[in-house]
Each structure stands twice: as structure tokens, then as C-alpha cells.
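Take a look at the structure below.
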Amino acid sequence: MKSLDDLKKIRDNAQKKVTMRGKNDGIRVLVGMATCGISAGARPVMNRFVEQVDKKNLENVTITPVGCIGECAIEPIVEVLINENRTTYCKVDVDGVDRIIKEHIIGGKVVDDYVIGKYRI
Amino acid sequence: MEELSLHILDVCQNSIKANASLIQILIDENPKKNTLILEISDDGHGMNKETLTQVSDPFFTTRTTRKVGLGISLFKMAAEATNGELKIESRENYGTRIIATFELDHIDRAPVGDIEDTLIILALNEENIDIYYRHIYNEKEFEFDTRQIREILEETPFTAKGVTQWMKEYIKEGLDNIHKEETK
């Protein structure tokens, strides 16, 4: 059983390694979480990001739920922001999340199969 | 939407946009009365009477990126499909409360679904809005309160290693516990 004491241990471990980091440093992942996104499967997509980023210790990556950008037909939409570069992915599924993490966030190469340009120019 | 927990995730986005500081979610499953009540309330900026009369209209939305707003309409439909109903109360500057009632054993009642996945996403909102979740099943209760978690974590953020994983298991186990049949 997970208890609140377990949470205290997690806190103590986290406090041991203090990393100073501003809110907008590093890589940001935005997941469209409006009605359209949710119905298309954005929740498992976001949960997969959260789980994998935690598992792989990608401490410079923050994942944030956001609203709708008006392209509801090609949800789930995920945007990856690295410095000034914004990449918009669409129709993302759990396999897509794994590829985006492996090939783009870790590997530095955009995953062409999911970029929005395939659907909208 | 296939799960009530997805409706919760969706409807709570409205509370986040309304600058709430606390969102309270209550699920009360009562097999004796055969009801499931789902109540979501926030302390956001609320709605005026005119907006309130329009929110269940699918062609009403406050957003500018598209012309339809289906969130509340779909939620209402899910409740009405089980002989239930959806009520919204709101007061400008005080907040909004949504109460959806369902017939618990109705064949068209969507399952509650993966509440932990919804709560984790809600807890990770950028504005640090607190979430208080309470689930009652047959007089047994489970609570999950991000205010309490914040207090334990002190300065450590929810994004720190292991925190979301802990939340997931804590919620899952807590809900399994209240749903367990008592062995006599």
C-alpha cells in the first residue's frame, strides 16, 4: 500500500539533489486537452509522457495540458518546444509518444511521421 | 466520451480557465438508492445568468478558435441517457457548481474509468490550482487532496521524480479499497 509516508521519502530523495531551474528552461511539451483532444485520446498520450519522462529521468522536460488550437479533426495535438523551435505533432498515440521522446527529445530529430505538415500545410 | 473521468477532465478545464484556486470533485456511488452523483465545484469567476442559460447549447462557446462547444453538452447527454440530469449553478465572482446524477446500474451509464489519470493531469496544471477529490462508495470514503500533498512535499514540485507515480498508485489503491466487497 502506498502511504503518505512513502511520499515523504520521495520528497527527501528529491531534496537531496537540488537542481536550480527556471520555469521556462529546457524542453516543454504541450498537450491539447480540450473536449476535442480528450475525445481523441489526449489523456493516455499525456499520461504516457508523464510516465516516461519520470522513468527516463528527463528532468529538463515539463509537460503541460493546454487548450484547443482549432484543429480538432487532427487531435491529439502535441507541441514540443525546444529553445525557439516549435514542432507541432498531430494524431499522436502512445507509440507516437515513445517515438517523440526517443527520436526528438533525446535524439534531437523531428519525427516526420507525426508532424502536422503531413495533414495541413 | 467513454468514461466519466474523461468528462471530469474536460469540465475541469473550464474551472482552470475561470481562474479557480480550488476545484472540488465528489463522486457518490450509492447502490442502495441506485444513484451515482458527480459534483464538480470551483471558486472561479463564475458565470452571469445569460451565459448560464447558454452553456449546454452545443453552438455556444467562449473560445475563438472554433465555433462549437461540446464539453457541457456531452456531459449532459451522458447523464440524461441514464434517466439522470445535469444541473449547473453559478454566481459571478463566487464560482460554479455542476451536479450530474446518473442511474448507477443503467446500461448506458459510462464507467467512472481511470480517475488517477485524470487527477494527475489536473494536478499538473500550470497555475497550481488545488484539487480535492472525494469518492464515496456505500458509505466508505477515499480522499485525495493536493493541498495535503503540497504540504508534505514542501518545496518539491509535483514533477519531481516519483511523485506522479506515487499519486497514481495511491489513488488506484484507495479506490480499489473502498470498492472491495466486505468479507464476512
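Following the order of the C-alpha cells, chains are lettered A, B, ..., residues in each are numbered from 1, and ligands are numbered from 1.
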
Pull the closest atom pair for each residue of chain B that gets at most 9 Å from chain A, along with the distance in Å to one decimal, counting only C-alpha atoms, ordering rows by chain and then ascending residue number, as a Markdown table.
| residue | atom | partner | partner_atom | distance |
| --- | --- | --- | --- | --- |
| B:Met1 | CA | A:Ser39 | CA | 5.7 |
| B:Glu2 | CA | A:Ser39 | CA | 8.2 |
| B:Leu6 | CA | A:Ile38 | CA | 6.9 |
| B:His7 | CA | A:Thr35 | CA | 8.5 |
| B:Leu9 | CA | A:Ile38 | CA | 8.1 |
| B:Asp10 | CA | A:Thr35 | CA | 5.8 |
| B:Val11 | CA | A:Thr35 | CA | 8.5 |
| B:Gln13 | CA | A:Ala34 | CA | 7.2 |
| B:Arg63 | CA | A:Cys68 | CA | 9.0 |
| B:Thr64 | CA | A:Gly70 | CA | 8.5 |
| B:Thr65 | CA | A:Gly70 | CA | 4.7 |
| B:Arg66 | CA | A:Gly70 | CA | 5.5 |
| B:Gly69 | CA | A:Thr35 | CA | 8.1 |
| B:Leu70 | CA | A:Thr35 | CA | 6.8 |
| B:Gly71 | CA | A:Thr35 | CA | 5.6 |
| B:Asp117 | CA | A:Asn47 | CA | 6.5 |
| B:Thr118 | CA | A:Arg43 | CA | 7.3 |
| B:Ile120 | CA | A:Asn47 | CA | 8.0 |
| B:Ile121 | CA | A:Pro65 | CA | 7.1 |
| B:Leu122 | CA | A:Pro65 | CA | 8.3 |
| B:Leu124 | CA | A:Thr64 | CA | 6.9 |
| B:Asn125 | CA | A:Thr64 | CA | 6.7 |
| B:Glu126 | CA | A:Thr64 | CA | 6.9 |
| B:Ile149 | CA | A:Leu7 | CA | 8.1 |
| B:Ile152 | CA | A:Lys8 | CA | 6.5 |
| B:Leu153 | CA | A:Arg11 | CA | 5.5 |
| B:Glu154 | CA | A:Arg11 | CA | 8.0 |
| B:Glu155 | CA | A:Gln15 | CA | 8.4 |
| B:Thr156 | CA | A:Arg11 | CA | 6.3 |
| B:Pro157 | CA | A:Arg11 | CA | 8.9 |
| B:Thr159 | CA | A:Thr62 | CA | 7.7 |
| B:Ala160 | CA | A:Ala14 | CA | 6.4 |
| B:Lys161 | CA | A:Asp54 | CA | 5.7 |
| B:Gly162 | CA | A:Ile10 | CA | 6.4 |
| B:Val163 | CA | A:Ile10 | CA | 6.8 |
| B:Thr164 | CA | A:Val50 | CA | 7.7 |
| B:Gln165 | CA | A:Glu51 | CA | 7.2 |
| B:Trp166 | CA | A:Leu7 | CA | 7.0 |
| B:Met167 | CA | A:Lys2 | CA | 8.7 |
| B:Glu169 | CA | A:Lys2 | CA | 6.6 |
| B:Tyr170 | CA | A:Lys2 | CA | 5.2 |
| B:Ile171 | CA | A:Lys2 | CA | 8.9 |
| B:Glu173 | CA | A:Met1 | CA | 7.0 |
| B:Gly174 | CA | A:Met1 | CA | 8.8 |

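The residue set within 7 Å of B:Asp43, counting only C-alpha atoms and dropping same-chain residues fewer than 6 places from it, reads Ala20, Ser21, Leu22, Tyr94, Gly95 and Thr96 of chain B.
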
Check your understanding: So which bits of chain B end up alpha helix (DSSP H) when you DSSP the backbone, as a PyMOL selection string?
Key -> chain B and resi 4-17+49-54+71-80+115-123+146-153+163-179

Just write the chosen residues, C-alpha atoms, as a short mmCIF file (atom, residue, chain, number, x, y, z; two decimals), in the first residue's frame.
data_model
loop_
_atom_site.label_atom_id
_atom_site.label_comp_id
_atom_site.auth_asym_id
_atom_site.auth_seq_id
_atom_site.Cartn_x
_atom_site.Cartn_y
_atom_site.Cartn_z
CA LEU B 4 -16.98 9.76 -16.60
CA SER B 5 -13.39 10.53 -15.63
CA LEU B 6 -12.86 11.99 -19.12
CA HIS B 7 -15.86 14.27 -18.62
CA ILE B 8 -14.34 15.35 -15.30
CA LEU B 9 -11.05 16.19 -17.01
CA ASP B 10 -12.91 18.16 -19.66
CA VAL B 11 -15.25 20.08 -17.37
CA CYS B 12 -12.40 20.98 -15.00
CA GLN B 13 -10.63 22.79 -17.85
CA ASN B 14 -13.46 25.33 -17.57
CA SER B 15 -12.66 25.82 -13.88
CA ILE B 16 -8.98 26.30 -14.70
CA LYS B 17 -9.90 28.92 -17.30
CA LYS B 49 -27.29 34.50 -15.93
CA GLU B 50 -27.11 34.96 -19.66
CA THR B 51 -24.05 32.72 -20.10
CA LEU B 52 -25.52 30.17 -17.71
CA THR B 53 -28.58 29.68 -19.92
CA GLN B 54 -26.38 29.09 -22.96
CA GLY B 71 -17.99 19.86 -23.29
CA ILE B 72 -21.07 20.53 -21.18
CA SER B 73 -23.46 19.26 -23.88
CA LEU B 74 -21.78 15.85 -23.98
CA PHE B 75 -21.70 15.63 -20.18
CA LYS B 76 -25.41 16.46 -20.01
CA MET B 77 -26.18 13.87 -22.65
CA ALA B 78 -24.25 11.21 -20.71
CA ALA B 79 -26.32 11.91 -17.59
CA GLU B 80 -29.68 12.11 -19.40
CA ILE B 115 -9.71 8.61 -12.22
CA GLU B 116 -5.99 8.55 -11.36
CA ASP B 117 -5.05 9.51 -14.93
CA THR B 118 -7.47 12.45 -14.82
CA LEU B 119 -6.33 13.63 -11.38
CA ILE B 120 -2.64 13.56 -12.32
CA ILE B 121 -3.24 15.75 -15.37
CA LEU B 122 -5.37 18.13 -13.30
CA ALA B 123 -2.73 18.27 -10.56
CA THR B 146 -3.36 18.25 -3.49
CA ARG B 147 -3.24 20.78 -0.61
CA GLN B 148 -2.19 17.99 1.72
CA ILE B 149 0.31 16.65 -0.82
CA ARG B 150 1.78 20.13 -1.36
CA GLU B 151 2.23 20.46 2.40
CA ILE B 152 4.10 17.16 2.66
CA LEU B 153 6.23 17.86 -0.40
CA VAL B 163 5.69 11.91 -7.33
CA THR B 164 3.22 11.27 -10.16
CA GLN B 165 3.87 7.53 -9.96
CA TRP B 166 3.10 7.66 -6.22
CA MET B 167 -0.12 9.61 -6.91
CA LYS B 168 -1.22 7.05 -9.49
CA GLU B 169 -0.75 4.09 -7.16
CA TYR B 170 -2.11 5.89 -4.11
CA ILE B 171 -5.36 6.81 -5.89
CA LYS B 172 -5.75 3.42 -7.55
CA GLU B 173 -5.26 1.52 -4.30
CA GLY B 174 -7.51 3.88 -2.38
CA LEU B 175 -10.34 3.42 -4.86
CA ASP B 176 -9.87 -0.36 -5.02
CA ASN B 177 -10.11 -0.42 -1.23
CA ILE B 178 -13.47 1.31 -0.99
CA HIS B 179 -14.88 -0.91 -3.73
#

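Nearest-residue note for A:Lys102: choosing from A:Glu84, A:Ile116, A:Gln52, A:Ile74, the minimum distance belongs to A:Gln52, counting only C-alpha atoms.
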
Review point. Taking the backbone alone, and naming residues the way the document does, which bits of stretch 99-168 of chain B are strand (DSSP E or B) by DSSP, as a PyMOL selection string?
Key: chain B and resi 99-103+130-137+140-145

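The space between atom CA of A:Ile77 and atom CA of B:Phe59 spans 22.9 Å.
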
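Nearest residue to A:Asn85, choosing from A:Val45, A:Val110, A:Asp98, A:Gly32 and counting only C-alpha atoms: A:Val110.
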
Check your understanding: Could you name the residues that touch B:Asn83 at 9 Å or less, counting only C-alpha atoms, but leaving out those on the same chain fewer than 2 positions away, as an MDAnalysis selection string?
Key -> chainID B and resid 79:81 85 101:103 106

Could you produce a table of the residues of stretch 12-91 of chain B lying within 7 Å of stretch 135-144 of chain B, with the nearest pair of atoms per residue and their separation in Å rounded to one decimal, using only C-alpha atoms, ordered by chain and increasing residue number, as a Markdown table?
| residue | atom | partner | partner_atom | distance |
| --- | --- | --- | --- | --- |
| B:Leu26 | CA | B:His135 | CA | 5.8 |
| B:Ile27 | CA | B:His135 | CA | 4.7 |
| B:Asp28 | CA | B:Ile136 | CA | 4.7 |
| B:Glu29 | CA | B:Tyr137 | CA | 4.9 |
| B:Asn30 | CA | B:Asn138 | CA | 5.5 |
| B:Pro31 | CA | B:Asn138 | CA | 6.7 |

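Take atom CA of B:Glu92 and atom CA of B:Tyr133: the distance between them is 23.7 Å.
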
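A straight line drawn from atom CA of A:Arg99 to atom CA of A:Phe49 is 10.8 Å long.
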